[in-house]
Amino acid sequence: MEYCFTLRFSLPEGHAPADEMMEVLAAAGCDDALIGLGMPGRIALEFTRESGSATEALAEAEAAVLNAIPGATLVEAAPDFVGLTDVAELIGMSRQNMRKLMLSHRPPFPLPVHDGKTAIWHLSDVLEWLNQRGNYTLPVATRELAQVTRQRNLSGSLQRYGLHA
């Protein structure tokens, strides 16, 4: 199955120049990724990877990056944190219709992980809720990937704070 996901890393002090990093990443098996270096000290890789499972695809990609850039730290695996616009695009509806759906189905609509001017949800929660409704065609790979990226982000947060899952 094909999985599309993004891994964002914090780079170690004194990391290699951008063009050298790109060569090393390609040689390490990241030639299926678009690489973004827009923010100083960070790198984002958008993968499109064939694999037997989302867990395997994500783990292999992360290991390849860490092998190529020793000292890099995974900051976020995506898709995980999403707004209504992101969900609407995934299921092929307008943001306004997604908002109406959310507002008309409170409280069963999942609670956001951040509620403010812009609310943020875990994609896996919203996709599971939509799947239970049975009215939406949701790609299996996307549902699986949303669960795996959420778990990886949680695991990474626990590790950063010295806690264990």
# chains A, B, ... in the order shown; residues from 1 in each chain; ligands from 1
$ residues_around --residues "Cys4 in chain A" --least-positions-apart "3" --cutoff "10 Å" --atoms "only C-alpha atoms" --output "MDAnalysis selection string"
chainID A and resid 33 46:50 54 57:58 78:79 141:142 145
$ write_last_selection --atoms "C-alpha atoms" --output "mmCIF file, in the first residue's frame"
data_model
loop_
_atom_site.group_PDB
_atom_site.id
_atom_site.type_symbol
_atom_site.label_atom_id
_atom_site.label_comp_id
_atom_site.auth_asym_id
_atom_site.auth_seq_id
_atom_site.Cartn_x
_atom_site.Cartn_y
_atom_site.Cartn_z
ATOM 1 C CA ALA A 33 10.820 12.200 -0.153
ATOM 2 C CA GLU A 46 7.360 14.480 2.740
ATOM 3 C CA PHE A 47 7.430 10.781 1.891
ATOM 4 C CA THR A 48 5.381 8.761 -0.571
ATOM 5 C CA ARG A 49 6.356 5.223 0.359
ATOM 6 C CA GLU A 50 5.180 1.750 -0.620
ATOM 7 C CA ALA A 54 1.961 2.383 7.919
ATOM 8 C CA ALA A 57 6.739 2.796 6.333
ATOM 9 C CA LEU A 58 7.092 5.374 9.095
ATOM 10 C CA ALA A 78 2.081 14.015 10.079
ATOM 11 C CA PRO A 79 -0.771 13.635 9.379
ATOM 12 C CA ALA A 141 -4.064 3.977 4.203
ATOM 13 C CA THR A 142 -4.952 7.433 5.541
ATOM 14 C CA LEU A 145 -1.396 6.338 8.932
#
$ residues_around --residues "Trp129 in chain A" --least-positions-apart "4" --cutoff "8 Å" --atoms "only C-alpha atoms" --output "PDB file with N, CA and C atoms, in the first residue's frame"
ATOM      1  N   PHE A 109     -19.105  14.543  18.183  1.00  0.00           N
ATOM      2  CA  PHE A 109     -17.933  14.911  17.395  1.00  0.00           C
ATOM      3  C   PHE A 109     -16.748  14.969  18.351  1.00  0.00           C
ATOM      4  N   PRO A 110     -15.591  14.453  17.927  1.00  0.00           N
ATOM      5  CA  PRO A 110     -14.427  14.401  18.836  1.00  0.00           C
ATOM      6  C   PRO A 110     -14.057  15.773  19.394  1.00  0.00           C
ATOM      7  N   ASP A 125      -8.942  10.639  15.379  1.00  0.00           N
ATOM      8  CA  ASP A 125     -10.229  10.749  16.080  1.00  0.00           C
ATOM      9  C   ASP A 125     -11.347  11.142  15.121  1.00  0.00           C
ATOM     10  N   ARG A 133     -19.951   6.876  11.224  1.00  0.00           N
ATOM     11  CA  ARG A 133     -21.181   7.411  10.624  1.00  0.00           C
ATOM     12  C   ARG A 133     -21.530   6.660   9.348  1.00  0.00           C
TER      13      ARG A 133
END
$ residues_around --residues "Val87 in chain A" --least-positions-apart "4" --cutoff "8 Å" --atoms "only C-alpha atoms" --output "PyMOL selection string"
chain A and resi 82-83+91+98+123+126
$ write_last_selection --atoms "C-alpha atoms" --output "short mmCIF file (atom, residue, chain, number, x, y, z; two decimals), in the first residue's frame"
data_model
loop_
_atom_site.label_atom_id
_atom_site.label_comp_id
_atom_site.auth_asym_id
_atom_site.auth_seq_id
_atom_site.Cartn_x
_atom_site.Cartn_y
_atom_site.Cartn_z
CA VAL A 82 -5.39 18.87 11.77
CA GLY A 83 -7.92 21.65 11.44
CA ILE A 91 -13.00 13.72 2.51
CA MET A 98 -17.28 20.25 7.65
CA LEU A 123 -6.91 13.24 12.54
CA VAL A 126 -12.10 12.62 13.35
#
$ atom_distance --atom1 "CA of His114 in chain A" --atom2 "CA of Thr6 in chain A"
20.9 Å
$ closest_residue --among "A:Leu11, A:Ala68, A:Leu111, A:Met1" --to "Glu56 in chain A" --atoms "only C-alpha atoms"
A:Met1
$ residues_around --residues "range 13-26 of chain A" --least-positions-apart "5" --cutoff "12 Å" --atoms "only C-alpha atoms" --output "PDB file with N, CA and C atoms, in the first residue's frame"
ATOM      1  N   ASP A  31      15.095   8.732  -0.996  1.00  0.00           N
ATOM      2  CA  ASP A  31      14.918   9.261  -2.343  1.00  0.00           C
ATOM      3  C   ASP A  31      13.451   9.325  -2.752  1.00  0.00           C
ATOM      4  N   ASP A  32      12.545   8.850  -1.877  1.00  0.00           N
ATOM      5  CA  ASP A  32      11.101   8.943  -2.124  1.00  0.00           C
ATOM      6  C   ASP A  32      10.483  10.104  -1.348  1.00  0.00           C
ATOM      7  N   ALA A  33      11.304  11.079  -0.965  1.00  0.00           N
ATOM      8  CA  ALA A  33      10.820  12.200  -0.153  1.00  0.00           C
ATOM      9  C   ALA A  33      11.143  13.535  -0.810  1.00  0.00           C
ATOM     10  N   LEU A  34      10.205  14.462  -0.648  1.00  0.00           N
ATOM     11  CA  LEU A  34      10.473  15.861  -0.968  1.00  0.00           C
ATOM     12  C   LEU A  34      11.047  16.473   0.306  1.00  0.00           C
ATOM     13  N   ILE A  35      12.114  17.231   0.170  1.00  0.00           N
ATOM     14  CA  ILE A  35      12.810  17.747   1.343  1.00  0.00           C
ATOM     15  C   ILE A  35      12.632  19.253   1.430  1.00  0.00           C
ATOM     16  N   GLY A  36      12.248  19.714   2.617  1.00  0.00           N
ATOM     17  CA  GLY A  36      12.076  21.130   2.868  1.00  0.00           C
ATOM     18  C   GLY A  36      13.029  21.612   3.942  1.00  0.00           C
ATOM     19  N   LEU A  37      13.721  22.703   3.664  1.00  0.00           N
ATOM     20  CA  LEU A  37      14.683  23.275   4.613  1.00  0.00           C
ATOM     21  C   LEU A  37      14.355  24.731   4.907  1.00  0.00           C
ATOM     22  N   GLY A  38      13.084  25.086   4.939  1.00  0.00           N
ATOM     23  CA  GLY A  38      12.673  26.473   5.074  1.00  0.00           C
ATOM     24  C   GLY A  38      12.980  27.116   6.403  1.00  0.00           C
ATOM     25  N   MET A  39      12.991  26.368   7.480  1.00  0.00           N
ATOM     26  CA  MET A  39      13.218  26.944   8.805  1.00  0.00           C
ATOM     27  C   MET A  39      14.623  26.565   9.282  1.00  0.00           C
ATOM     28  N   PRO A  40      15.416  27.546   9.703  1.00  0.00           N
ATOM     29  CA  PRO A  40      16.774  27.232  10.172  1.00  0.00           C
ATOM     30  C   PRO A  40      16.753  26.201  11.303  1.00  0.00           C
ATOM     31  N   GLY A  41      17.621  25.207  11.179  1.00  0.00           N
ATOM     32  CA  GLY A  41      17.725  24.181  12.218  1.00  0.00           C
ATOM     33  C   GLY A  41      16.666  23.102  12.136  1.00  0.00           C
ATOM     34  N   ARG A  42      15.850  23.133  11.101  1.00  0.00           N
ATOM     35  CA  ARG A  42      14.790  22.131  10.926  1.00  0.00           C
ATOM     36  C   ARG A  42      14.840  21.566   9.517  1.00  0.00           C
ATOM     37  N   ILE A  43      14.294  20.372   9.369  1.00  0.00           N
ATOM     38  CA  ILE A  43      14.153  19.759   8.056  1.00  0.00           C
ATOM     39  C   ILE A  43      12.839  18.985   8.053  1.00  0.00           C
ATOM     40  N   ALA A  44      12.135  19.046   6.945  1.00  0.00           N
ATOM     41  CA  ALA A  44      10.883  18.300   6.789  1.00  0.00           C
ATOM     42  C   ALA A  44      11.020  17.432   5.551  1.00  0.00           C
ATOM     43  N   LEU A  45      10.571  16.192   5.665  1.00  0.00           N
ATOM     44  CA  LEU A  45      10.611  15.269   4.540  1.00  0.00           C
ATOM     45  C   LEU A  45       9.209  14.738   4.306  1.00  0.00           C
ATOM     46  N   PHE A  47       7.222  12.086   2.514  1.00  0.00           N
ATOM     47  CA  PHE A  47       7.430  10.781   1.891  1.00  0.00           C
ATOM     48  C   PHE A  47       6.183  10.294   1.165  1.00  0.00           C
ATOM     49  N   ALA A  61      11.376   5.034   7.330  1.00  0.00           N
ATOM     50  CA  ALA A  61      11.722   6.395   6.924  1.00  0.00           C
ATOM     51  C   ALA A  61      12.438   7.132   8.058  1.00  0.00           C
ATOM     52  N   GLU A  62      11.910   7.028   9.265  1.00  0.00           N
ATOM     53  CA  GLU A  62      12.542   7.691  10.408  1.00  0.00           C
ATOM     54  C   GLU A  62      13.948   7.156  10.636  1.00  0.00           C
ATOM     55  N   ALA A  63      14.130   5.857  10.568  1.00  0.00           N
ATOM     56  CA  ALA A  63      15.447   5.252  10.773  1.00  0.00           C
ATOM     57  C   ALA A  63      16.429   5.717   9.703  1.00  0.00           C
ATOM     58  N   ALA A  64      15.960   5.835   8.455  1.00  0.00           N
ATOM     59  CA  ALA A  64      16.835   6.284   7.369  1.00  0.00           C
ATOM     60  C   ALA A  64      17.309   7.712   7.616  1.00  0.00           C
ATOM     61  N   VAL A  65      16.407   8.575   8.060  1.00  0.00           N
ATOM     62  CA  VAL A  65      16.786   9.971   8.324  1.00  0.00           C
ATOM     63  C   VAL A  65      17.771  10.033   9.488  1.00  0.00           C
ATOM     64  N   LEU A  66      17.492   9.314  10.559  1.00  0.00           N
ATOM     65  CA  LEU A  66      18.374   9.349  11.725  1.00  0.00           C
ATOM     66  C   LEU A  66      19.737   8.749  11.409  1.00  0.00           C
ATOM     67  N   ASN A  67      19.775   7.784  10.505  1.00  0.00           N
ATOM     68  CA  ASN A  67      21.043   7.206  10.073  1.00  0.00           C
ATOM     69  C   ASN A  67      21.830   8.224   9.245  1.00  0.00           C
ATOM     70  N   ALA A  68      21.134   8.977   8.409  1.00  0.00           N
ATOM     71  CA  ALA A  68      21.780   9.958   7.542  1.00  0.00           C
ATOM     72  C   ALA A  68      22.204  11.214   8.299  1.00  0.00           C
ATOM     73  N   ILE A  69      21.422  11.586   9.320  1.00  0.00           N
ATOM     74  CA  ILE A  69      21.700  12.817  10.076  1.00  0.00           C
ATOM     75  C   ILE A  69      21.766  12.470  11.567  1.00  0.00           C
ATOM     76  N   PRO A  70      22.886  11.921  12.020  1.00  0.00           N
ATOM     77  CA  PRO A  70      23.007  11.584  13.440  1.00  0.00           C
ATOM     78  C   PRO A  70      22.766  12.818  14.313  1.00  0.00           C
ATOM     79  N   GLY A  71      22.017  12.632  15.376  1.00  0.00           N
ATOM     80  CA  GLY A  71      21.726  13.738  16.280  1.00  0.00           C
ATOM     81  C   GLY A  71      20.445  14.482  15.960  1.00  0.00           C
ATOM     82  N   ALA A  72      19.830  14.178  14.810  1.00  0.00           N
ATOM     83  CA  ALA A  72      18.532  14.793  14.485  1.00  0.00           C
ATOM     84  C   ALA A  72      17.489  14.254  15.456  1.00  0.00           C
ATOM     85  N   THR A  73      16.468  15.058  15.711  1.00  0.00           N
ATOM     86  CA  THR A  73      15.395  14.653  16.628  1.00  0.00           C
ATOM     87  C   THR A  73      14.053  14.827  15.926  1.00  0.00           C
TER      88      THR A  73
END
$ closest_residue --among "A:Thr149, A:Pro12, A:Val140, A:Asn135" --to "Ala59 in chain A" --atoms "only C-alpha atoms"
A:Thr149
$ select_by_dssp --residues "chain A" --states "alpha helix (DSSP H)" --output "NGL selection string"
:A and (18-27 or 54-68 or 84-91 or 95-104 or 123-133 or 140-160)
